[in-house]
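Peer 1: I have a structure I would like to understand better, so I am pasting it below and will then ask my questions one at a time.
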Amino acid sequence: MPREIRAGLTTFLTMSYILFVNPQVLSAAISIPNGFAQLLSATAIAAAFGSLAMGLVARYPFAQAPGMGLNAFFAFTVVLGLKVPWQTALGAVFISGLLFVLLSLLGARQAIVQAIPQSIKFAITGGIGAFLAFLGLKSAGIVVTNPATFVGLGNLTSPGAWLALVGLLVTGALMVRRVTGAMLWGILLTSLLAIVLRLPVFAGGPEGALQAFPGFQGQLLGIFGAPVWPVDLMGQLDLAGALQMGLLSVVFTFFFVDFFDATGTLTGLAQKAGYLDQSGNMPRARRLFAMDGLAAMFGAVVGTSTTTAYIESASGIGEGGRTGLTAVTVGVLFLFALLLWPLAAAIPAAATAPALILVGALMMEGVKNIEWDELTEGLPAFLTIILMPLTFSIANGVSLGVISYAALKLLGGRGREVSPILYVLALLLLGRYIWLME
């Protein structure tokens with residue numbers, strides 16, 4: 001139990017940024033009184049429900065929360081771009097979640113997972129690892145945008161970058177010495193270093209700038225803050241509006257992106273945790289996938305964009321989390337965050353970045369099992385791995401990996417090695433990309 005609880009705390013610390021990032025993204029499209037505080041509470045409630053459902057019902061150590069990327073699509077593409085009312089967009093999220101649950105209970109999602117070849121499954125795990133490491137490097141300012149080369153090396157003398165590098169060395173040394181709770185200790189020690197040295201690595205400065213830790217002034221006993229319930233968000237979804245013919249494409253896009261993002265994430269995490277058998281099957285698959293869909297539905301009712309499984313759960317798995325107690329711990333901590341949310345502000349992104357980088361490195365282990373000398377296996381696996389961080393999308397990596405795998409096997413005269421389900425899936429994915437380009 002101590003190991004599982006420690007793993008849950010580690011996962012929570014690596015994903016607690018969503019408490020502040022998700023309200024920032026959604027508040028651009030949702031205008032309500034005291035919007036940021038209400039959206040923060042909605043985020044915490046949705047994350048708590050999703051993680052508790054995953055832990056108690058599916059009994060997996062995977063945490064859930066409103067997904068990054070999906071919230072940006074919700075706010076900037078659907079609401080601001082297509083001028084869809086945010087209530088209607090929430091209805092679309094709910095319907096897509098309902099479709100997830102139905103497909104999961106019918107066994108369709110697990111049939112698709114079983115049809116994906118082992119090389120792609122190993123590649124999904126490695127790709128998620130590369131994506132996690134990229135997220136960590138980006139949040140620390142070690143990798144930055146560059147107009148000439150798209151990405152480049154950041155200023156390593158900046159407070160966030162060198163703090164993350166120090167945290168990476170400290171956490172890595174603790175792991176080499178097999179210190180229990182190495183990642184958690186690394187996060188806490190790095191955060192303490194930032195606070196003591198007054199480094200400007202904490203969010204909340206003027207005009208979005210980073211600042212030194214501002215302390216807990218104005219809060220009850222220093223660390224408590226009264227929750228603001230999402231009264232203007234809860235139950236505001238418009239299902240009838242989302243079912244209009246003109247908006248079915250929005251429902252489909254929500255469904256597609258989260259389907260492959262969540263399926264890829266859950267498969268990769270299950271592989272990392274050792275749940276998959278030799279055939280690539282996972283126990284309690286219907287419950288696992290159904291809880292993912294149920295979390296999306298509940299999140300829409302509460303008033304936030306699609307709730308989904310988080311790749312940051314790999315940090316808890318890296319700490320030894322293997323049961324639902326890890327996810328339950330995360331869920332309980334999100335509930336506590338409604339009262340103790342000022343504490344989450346004491347963990348800067350530069351402190352959690354080392355954990356993401358290290359977990360990313362650990363998740364690359366499975367790629368050694370890929371038949372790299374067999375081009376029909378190696379090339380699709382490579383595309384799956386490389387496209388996740390480069391397109392900033394797990395769904396794109398999985399999709400293009402599946403399409404290339406089916407195409408190479410068929411054109412190479414080895415089409416019988418591929419499941420008919422995978423061919424159907426590849427055609428659907430290819431059709432979606434063609435539709436998006438029109």
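Every chain in the structure tokens takes a letter, A first, then B, and so on in the order presented; its residues are numbered from 1, and the ligands are numbered from 1 following the presented order.
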May I have a table of the residues of segment 301-320 of chain A lying at most 8 Å from segment 228-250 of chain A, giving each one's closest pair of atoms and their distance in Å to one decimal, counting only C-alpha atoms, ordered by chain and ascending residue number, as JSON lines?
Peer 2:
```
{"residue": "A:Val301", "atom": "CA", "partner": "A:Gly235", "partner_atom": "CA", "distance": 5.0}
{"residue": "A:Val302", "atom": "CA", "partner": "A:Met234", "partner_atom": "CA", "distance": 4.3}
{"residue": "A:Gly303", "atom": "CA", "partner": "A:Leu233", "partner_atom": "CA", "distance": 4.7}
```
Peer 1: Skipping near chain neighbours, those fewer than 3 positions away, what residues fall within 12 Å of Leu169 of chain A using only C-alpha atoms, listed as a PyMOL selection string?
Peer 2: chain A and resi 162-166+172-176+182-183+186-187+189-190+351+353-355+357-358
Peer 1: Find the residue from A:Lys121, A:Phe382, A:Val113, A:Leu135 that sits nearest to Leu425 of chain A; use only C-alpha atoms when measuring.
Peer 2: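 Closest candidate: A:Val113.
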Peer 1: For each of A:Leu335, A:Ala406, A:Ala300, A:Leu430, take the minimum atom-to-atom distance to Leu98 of chain A, counting only C-alpha atoms, then give the residue where this is smallest.
Peer 2: A:Ala300
Peer 1: Ranking A:Ser419, A:Thr323, A:Thr265, A:Thr43 by minimum distance to Val57 of chain A and counting only C-alpha atoms, which one comes first?
Peer 2: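 Checking each candidate against Val57 of chain A, we get A:Thr323 as the closest.
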Peer 1: Taking 5 positions as the minimum chain separation for residues in the same chain, which residues sit within 10 Å of Ala58 of chain A when counting only C-alpha atoms? Answer as a CSV table (one decimal) with all heavy atoms, in the first residue's frame.
Peer 2:
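Below is the file part20.csv, written as the result:
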```
chain,number,residue,atom,x,y,z
A,52,LEU,N,-10.9,7.9,-9.9
A,52,LEU,CA,-11.6,7.0,-9.0
A,52,LEU,C,-12.3,5.9,-9.8
A,52,LEU,O,-12.2,4.7,-9.3
A,52,LEU,CB,-12.6,7.7,-8.1
A,52,LEU,CG,-12.0,8.7,-7.1
A,52,LEU,CD1,-13.1,9.5,-6.4
A,52,LEU,CD2,-11.2,7.8,-6.0
A,53,ALA,N,-13.0,6.2,-10.9
A,53,ALA,CA,-13.6,5.1,-11.7
A,53,ALA,C,-12.6,4.2,-12.2
A,53,ALA,O,-12.8,2.9,-12.2
A,53,ALA,CB,-14.4,5.8,-12.8
A,283,PRO,N,-6.3,-7.7,-19.3
A,283,PRO,CA,-7.4,-8.1,-18.6
A,283,PRO,C,-8.4,-7.0,-18.3
A,283,PRO,O,-8.0,-5.8,-18.4
A,283,PRO,CB,-6.8,-8.6,-17.2
A,283,PRO,CG,-5.5,-7.8,-17.1
A,283,PRO,CD,-5.0,-7.7,-18.5
A,284,ARG,N,-9.6,-7.3,-18.2
A,284,ARG,CA,-10.7,-6.3,-17.8
A,284,ARG,C,-10.7,-5.2,-18.9
A,284,ARG,O,-10.9,-4.0,-18.5
A,284,ARG,CB,-10.5,-5.8,-16.4
A,284,ARG,CG,-10.4,-6.8,-15.3
A,284,ARG,CD,-10.3,-6.2,-14.0
A,284,ARG,NE,-9.1,-5.3,-13.8
A,284,ARG,CZ,-7.9,-5.8,-13.7
A,284,ARG,NH1,-7.6,-7.1,-13.6
A,284,ARG,NH2,-6.9,-4.9,-13.6
A,285,ALA,N,-10.5,-5.5,-20.1
A,285,ALA,CA,-10.4,-4.5,-21.2
A,285,ALA,C,-11.7,-3.7,-21.4
A,285,ALA,O,-11.7,-2.5,-21.5
A,285,ALA,CB,-10.0,-5.1,-22.5
A,286,ARG,N,-12.8,-4.4,-21.3
A,286,ARG,CA,-14.1,-3.7,-21.5
A,286,ARG,C,-14.3,-2.7,-20.4
A,286,ARG,O,-14.8,-1.5,-20.7
A,286,ARG,CB,-15.3,-4.7,-21.5
A,286,ARG,CG,-15.2,-5.7,-22.7
A,286,ARG,CD,-16.5,-6.4,-22.9
A,286,ARG,NE,-16.4,-7.4,-24.0
A,286,ARG,CZ,-17.4,-7.9,-24.6
A,286,ARG,NH1,-18.7,-7.7,-24.2
A,286,ARG,NH2,-17.3,-8.8,-25.6
A,287,ARG,N,-14.0,-3.1,-19.2
A,287,ARG,CA,-14.2,-2.1,-18.1
A,287,ARG,C,-13.2,-0.9,-18.2
A,287,ARG,O,-13.6,0.2,-17.9
A,287,ARG,CB,-14.0,-2.8,-16.7
A,287,ARG,CG,-15.3,-3.4,-16.2
A,287,ARG,CD,-15.1,-3.9,-14.8
A,287,ARG,NE,-14.5,-5.2,-14.8
A,287,ARG,CZ,-14.1,-5.9,-13.7
A,287,ARG,NH1,-14.2,-5.3,-12.5
A,287,ARG,NH2,-13.5,-7.1,-13.7
A,288,LEU,N,-12.0,-1.3,-18.6
A,288,LEU,CA,-11.0,-0.2,-18.7
A,288,LEU,C,-11.4,0.8,-19.8
A,288,LEU,O,-11.4,2.0,-19.5
A,288,LEU,CB,-9.7,-0.9,-19.2
A,288,LEU,CG,-8.5,0.1,-19.6
A,288,LEU,CD1,-8.1,0.9,-18.4
A,288,LEU,CD2,-7.4,-0.7,-20.2
A,289,PHE,N,-11.8,0.4,-20.9
A,289,PHE,CA,-12.2,1.3,-22.0
A,289,PHE,C,-13.5,2.0,-21.7
A,289,PHE,O,-13.7,3.2,-22.0
A,289,PHE,CB,-12.3,0.6,-23.3
A,289,PHE,CG,-10.9,0.2,-23.9
A,289,PHE,CD1,-10.7,-1.1,-24.2
A,289,PHE,CD2,-9.9,1.1,-24.0
A,289,PHE,CE1,-9.5,-1.6,-24.7
A,289,PHE,CE2,-8.7,0.7,-24.5
A,289,PHE,CZ,-8.4,-0.6,-24.8
A,290,ALA,N,-14.4,1.3,-21.0
A,290,ALA,CA,-15.7,1.9,-20.7
A,290,ALA,C,-15.5,3.0,-19.6
A,290,ALA,O,-16.2,4.1,-19.7
A,290,ALA,CB,-16.7,0.9,-20.1
A,291,MET,N,-14.6,2.9,-18.7
A,291,MET,CA,-14.4,3.9,-17.7
A,291,MET,C,-13.8,5.2,-18.4
A,291,MET,O,-14.0,6.3,-17.9
A,291,MET,CB,-13.4,3.4,-16.6
A,291,MET,CG,-14.1,2.4,-15.7
A,291,MET,SD,-15.6,2.9,-15.0
A,291,MET,CE,-16.8,2.1,-16.0
A,292,ASP,N,-13.0,5.0,-19.4
A,292,ASP,CA,-12.5,6.1,-20.2
A,292,ASP,C,-13.6,6.9,-20.8
A,292,ASP,O,-13.7,8.2,-20.7
A,292,ASP,CB,-11.5,5.6,-21.3
A,292,ASP,CG,-11.0,6.7,-22.2
A,292,ASP,OD1,-10.4,7.6,-21.7
A,292,ASP,OD2,-11.3,6.7,-23.4
A,323,THR,N,-1.7,-1.3,-9.1
A,323,THR,CA,-3.1,-1.6,-8.8
A,323,THR,C,-4.0,-0.3,-8.9
A,323,THR,O,-3.5,0.8,-9.1
A,323,THR,CB,-3.2,-2.2,-7.4
A,323,THR,OG1,-3.1,-1.1,-6.4
A,323,THR,CG2,-2.2,-3.3,-7.2
A,324,GLY,N,-5.3,-0.5,-8.8
A,324,GLY,CA,-6.2,0.6,-8.8
A,324,GLY,C,-6.0,1.6,-7.7
A,324,GLY,O,-6.5,2.7,-7.7
```
Peer 1: At a cut-off of 10 Å, using only C-alpha atoms, what residues contact Ala194 of chain A? Leave out same-chain residues fewer than 2 positions from it and give the result as a PyMOL selection string.
Peer 2: chain A and resi 159-160+163+188-192+196-202+212-213+346-348+350-351
Peer 1: Please save N, CA and C atoms of the selected residues as a compact mmCIF listing (two decimals), in the first residue's frame.
Peer 2:
```txt
# COMPACT_ATOMS: atom_id res chain seq x y z
N PRO A 159 16.62 30.08 -15.39
CA PRO A 159 16.32 29.38 -14.13
C PRO A 159 15.59 28.06 -14.32
N GLY A 160 14.56 28.04 -15.20
CA GLY A 160 13.81 26.82 -15.39
C GLY A 160 14.63 25.70 -15.99
N LEU A 163 17.39 24.46 -13.45
CA LEU A 163 16.72 23.78 -12.34
C LEU A 163 16.28 22.38 -12.76
N LEU A 188 10.02 16.83 -5.16
CA LEU A 188 9.92 17.64 -3.95
C LEU A 188 11.21 18.42 -3.68
N LEU A 189 12.38 17.78 -3.87
CA LEU A 189 13.65 18.46 -3.63
C LEU A 189 13.88 19.58 -4.64
N THR A 190 13.51 19.33 -5.89
CA THR A 190 13.66 20.36 -6.92
C THR A 190 12.74 21.54 -6.65
N SER A 191 11.52 21.26 -6.21
CA SER A 191 10.58 22.34 -5.87
C SER A 191 11.10 23.15 -4.68
N LEU A 192 11.62 22.45 -3.68
CA LEU A 192 12.17 23.14 -2.51
C LEU A 192 13.34 24.03 -2.90
N VAL A 196 13.54 28.02 -2.14
CA VAL A 196 14.61 28.57 -1.29
C VAL A 196 15.44 29.60 -2.05
N LEU A 197 15.75 29.32 -3.32
CA LEU A 197 16.58 30.22 -4.12
C LEU A 197 15.79 31.34 -4.78
N ARG A 198 14.48 31.36 -4.55
CA ARG A 198 13.61 32.40 -5.11
C ARG A 198 13.73 32.48 -6.63
N LEU A 199 13.72 31.32 -7.28
CA LEU A 199 13.86 31.28 -8.72
C LEU A 199 12.53 31.63 -9.40
N PRO A 200 12.56 32.44 -10.45
CA PRO A 200 11.31 32.81 -11.15
C PRO A 200 10.87 31.69 -12.10
N VAL A 201 10.32 30.64 -11.54
CA VAL A 201 9.89 29.48 -12.34
C VAL A 201 8.42 29.13 -12.07
N PHE A 202 7.73 29.95 -11.31
CA PHE A 202 6.34 29.67 -10.96
C PHE A 202 5.40 30.52 -11.80
N ALA A 212 8.96 34.29 -8.88
CA ALA A 212 9.40 33.51 -7.73
C ALA A 212 8.18 33.05 -6.95
N PHE A 213 8.35 32.04 -6.13
CA PHE A 213 7.22 31.51 -5.38
C PHE A 213 6.60 32.61 -4.52
N ALA A 346 2.92 25.22 -5.54
CA ALA A 346 4.29 25.17 -5.05
C ALA A 346 5.15 24.19 -5.83
N ILE A 347 4.57 23.49 -6.82
CA ILE A 347 5.31 22.55 -7.65
C ILE A 347 5.42 23.15 -9.05
N PRO A 348 6.57 23.73 -9.43
CA PRO A 348 6.69 24.34 -10.76
C PRO A 348 6.87 23.28 -11.84
N ALA A 350 9.16 23.10 -13.97
CA ALA A 350 10.57 22.70 -14.06
C ALA A 350 10.91 21.58 -13.09
N ALA A 351 10.11 21.40 -12.03
CA ALA A 351 10.35 20.34 -11.05
C ALA A 351 9.77 19.01 -11.50
```
Peer 1: Measuring atom to atom with only C-alpha atoms, identify which of A:Met388, A:Ala44, A:Leu422, A:Leu400 is nearest to Phe20 of chain A.
Peer 2: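 The closest residue to Phe20 of chain A is A:Ala44.
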Peer 1: Tell me, which residues of segment 130-358 of chain A carry DSSP strand (DSSP E or B), written as number ranges by chain?
Peer 2: A: 143-146, 150-153, 202, 211, 220, 224, 307-309
Peer 1: How would the residues just chosen look if you wrote them out with N, CA, C and O atoms as a PDB file, in the first residue's frame?
Peer 2:
```
ATOM      1  N   VAL A 143      13.987  22.702 -24.608  1.00  0.00           N
ATOM      2  CA  VAL A 143      13.638  22.710 -26.027  1.00  0.00           C
ATOM      3  C   VAL A 143      12.632  23.823 -26.248  1.00  0.00           C
ATOM      4  O   VAL A 143      11.630  23.911 -25.521  1.00  0.00           O
ATOM      5  N   VAL A 144      12.896  24.692 -27.225  1.00  0.00           N
ATOM      6  CA  VAL A 144      12.035  25.849 -27.486  1.00  0.00           C
ATOM      7  C   VAL A 144      11.732  25.933 -28.976  1.00  0.00           C
ATOM      8  O   VAL A 144      12.361  25.255 -29.792  1.00  0.00           O
ATOM      9  N   THR A 145      10.775  26.764 -29.325  1.00  0.00           N
ATOM     10  CA  THR A 145      10.468  26.993 -30.735  1.00  0.00           C
ATOM     11  C   THR A 145      11.581  27.795 -31.384  1.00  0.00           C
ATOM     12  O   THR A 145      12.237  28.624 -30.737  1.00  0.00           O
ATOM     13  N   ASN A 146      11.788  27.533 -32.660  1.00  0.00           N
ATOM     14  CA  ASN A 146      12.803  28.250 -33.434  1.00  0.00           C
ATOM     15  C   ASN A 146      12.233  28.502 -34.818  1.00  0.00           C
ATOM     16  O   ASN A 146      11.883  27.547 -35.519  1.00  0.00           O
ATOM     17  N   PHE A 150      12.145  25.148 -36.560  1.00  0.00           N
ATOM     18  CA  PHE A 150      10.957  24.676 -35.848  1.00  0.00           C
ATOM     19  C   PHE A 150      11.214  24.515 -34.351  1.00  0.00           C
ATOM     20  O   PHE A 150      10.507  25.054 -33.538  1.00  0.00           O
ATOM     21  N   VAL A 151      12.231  23.724 -33.987  1.00  0.00           N
ATOM     22  CA  VAL A 151      12.595  23.586 -32.583  1.00  0.00           C
ATOM     23  C   VAL A 151      14.092  23.825 -32.449  1.00  0.00           C
ATOM     24  O   VAL A 151      14.848  23.691 -33.409  1.00  0.00           O
ATOM     25  N   GLY A 152      14.505  24.185 -31.244  1.00  0.00           N
ATOM     26  CA  GLY A 152      15.916  24.414 -30.998  1.00  0.00           C
ATOM     27  C   GLY A 152      16.227  24.293 -29.519  1.00  0.00           C
ATOM     28  O   GLY A 152      15.338  24.061 -28.687  1.00  0.00           O
ATOM     29  N   LEU A 153      17.496  24.433 -29.185  1.00  0.00           N
ATOM     30  CA  LEU A 153      17.933  24.369 -27.800  1.00  0.00           C
ATOM     31  C   LEU A 153      17.665  25.697 -27.110  1.00  0.00           C
ATOM     32  O   LEU A 153      18.001  26.763 -27.618  1.00  0.00           O
ATOM     33  N   PHE A 202       7.733  29.949 -11.311  1.00  0.00           N
ATOM     34  CA  PHE A 202       6.340  29.665 -10.957  1.00  0.00           C
ATOM     35  C   PHE A 202       5.402  30.521 -11.796  1.00  0.00           C
ATOM     36  O   PHE A 202       5.686  31.695 -12.071  1.00  0.00           O
ATOM     37  N   GLN A 211       7.356  33.881 -12.131  1.00  0.00           N
ATOM     38  CA  GLN A 211       7.727  34.638 -10.946  1.00  0.00           C
ATOM     39  C   GLN A 211       8.319  33.695  -9.903  1.00  0.00           C
ATOM     40  O   GLN A 211       8.241  32.478 -10.026  1.00  0.00           O
ATOM     41  N   LEU A 220      -6.271  30.604   4.188  1.00  0.00           N
ATOM     42  CA  LEU A 220      -6.515  30.135   5.540  1.00  0.00           C
ATOM     43  C   LEU A 220      -5.377  29.214   5.977  1.00  0.00           C
ATOM     44  O   LEU A 220      -5.088  28.210   5.325  1.00  0.00           O
ATOM     45  N   PHE A 224      -4.754  26.592   2.700  1.00  0.00           N
ATOM     46  CA  PHE A 224      -6.130  26.233   2.368  1.00  0.00           C
ATOM     47  C   PHE A 224      -6.799  27.357   1.574  1.00  0.00           C
ATOM     48  O   PHE A 224      -6.581  28.543   1.841  1.00  0.00           O
ATOM     49  N   THR A 307     -12.437  14.367 -20.829  1.00  0.00           N
ATOM     50  CA  THR A 307     -11.593  13.759 -19.798  1.00  0.00           C
ATOM     51  C   THR A 307     -11.073  12.428 -20.322  1.00  0.00           C
ATOM     52  O   THR A 307     -11.838  11.626 -20.859  1.00  0.00           O
ATOM     53  N   THR A 308      -9.777  12.205 -20.182  1.00  0.00           N
ATOM     54  CA  THR A 308      -9.171  11.016 -20.775  1.00  0.00           C
ATOM     55  C   THR A 308      -7.997  10.542 -19.927  1.00  0.00           C
ATOM     56  O   THR A 308      -7.582  11.221 -18.986  1.00  0.00           O
ATOM     57  N   ALA A 309      -7.460   9.373 -20.268  1.00  0.00           N
ATOM     58  CA  ALA A 309      -6.308   8.830 -19.545  1.00  0.00           C
ATOM     59  C   ALA A 309      -5.070   9.677 -19.804  1.00  0.00           C
ATOM     60  O   ALA A 309      -4.881  10.188 -20.909  1.00  0.00           O
TER      61      ALA A 309
END
```
Peer 1: Find the residues near Phe94 of chain A: any atom within 7 Å, counting only C-alpha atoms, skip ones fewer than 3 places away on the same chain, and give them as a list in words.
Peer 2: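 Residues near the query, excluding close chain neighbours: Leu90, Gly91, Gly97, Leu98, Ala296, Met297 and Ala300 of chain A.
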Peer 1: Using backbone DSSP assignments, extract all helix (DSSP H, G or I) residues from segment 301-401 of chain A; output them as a PyMOL selection string.
Peer 2: chain A and resi 301-302+313-318+324-344+349-369+375-391+394-401
Peer 1: Could you pull the residues within 7 Å of Ala161 of chain A, counting only C-alpha atoms, minus those fewer than 4 positions along the same chain, as a list in words?
Peer 2: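 Near neighbours after the sequence-gap exclusion: Ala140, Gly141, Ile142, Leu156, Thr157 and Leu165 of chain A.
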Peer 1: Which residues are near Val332 of chain A? Cut-off 7 Å, only C-alpha atoms, ignore same chain within fewer than 4 positions. Put them as a ChimeraX atom specification.
Peer 2: /A:48,328,336
Peer 1: Between A:Ala209, A:Leu39, A:Leu9, A:Pro420, which has the minimum distance to Val25 of chain A (counting only C-alpha atoms)?
Peer 2: A:Leu39
Peer 1: For a quick check of understanding, using only C-alpha atoms, which of A:Ala37, A:Ala42, A:Leu339, A:Ala65 has the smallest distance to Tyr310 of chain A?
Peer 2: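 Under the stated criterion, the closest residue is A:Ala65.
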Peer 1: Rounded to one decimal in Å, what is the spacing between atom CA of Gln118 of chain A and atom CA of Phe254 of chain A?
Peer 2: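 Between these atoms lies a distance of 27.0 Å.
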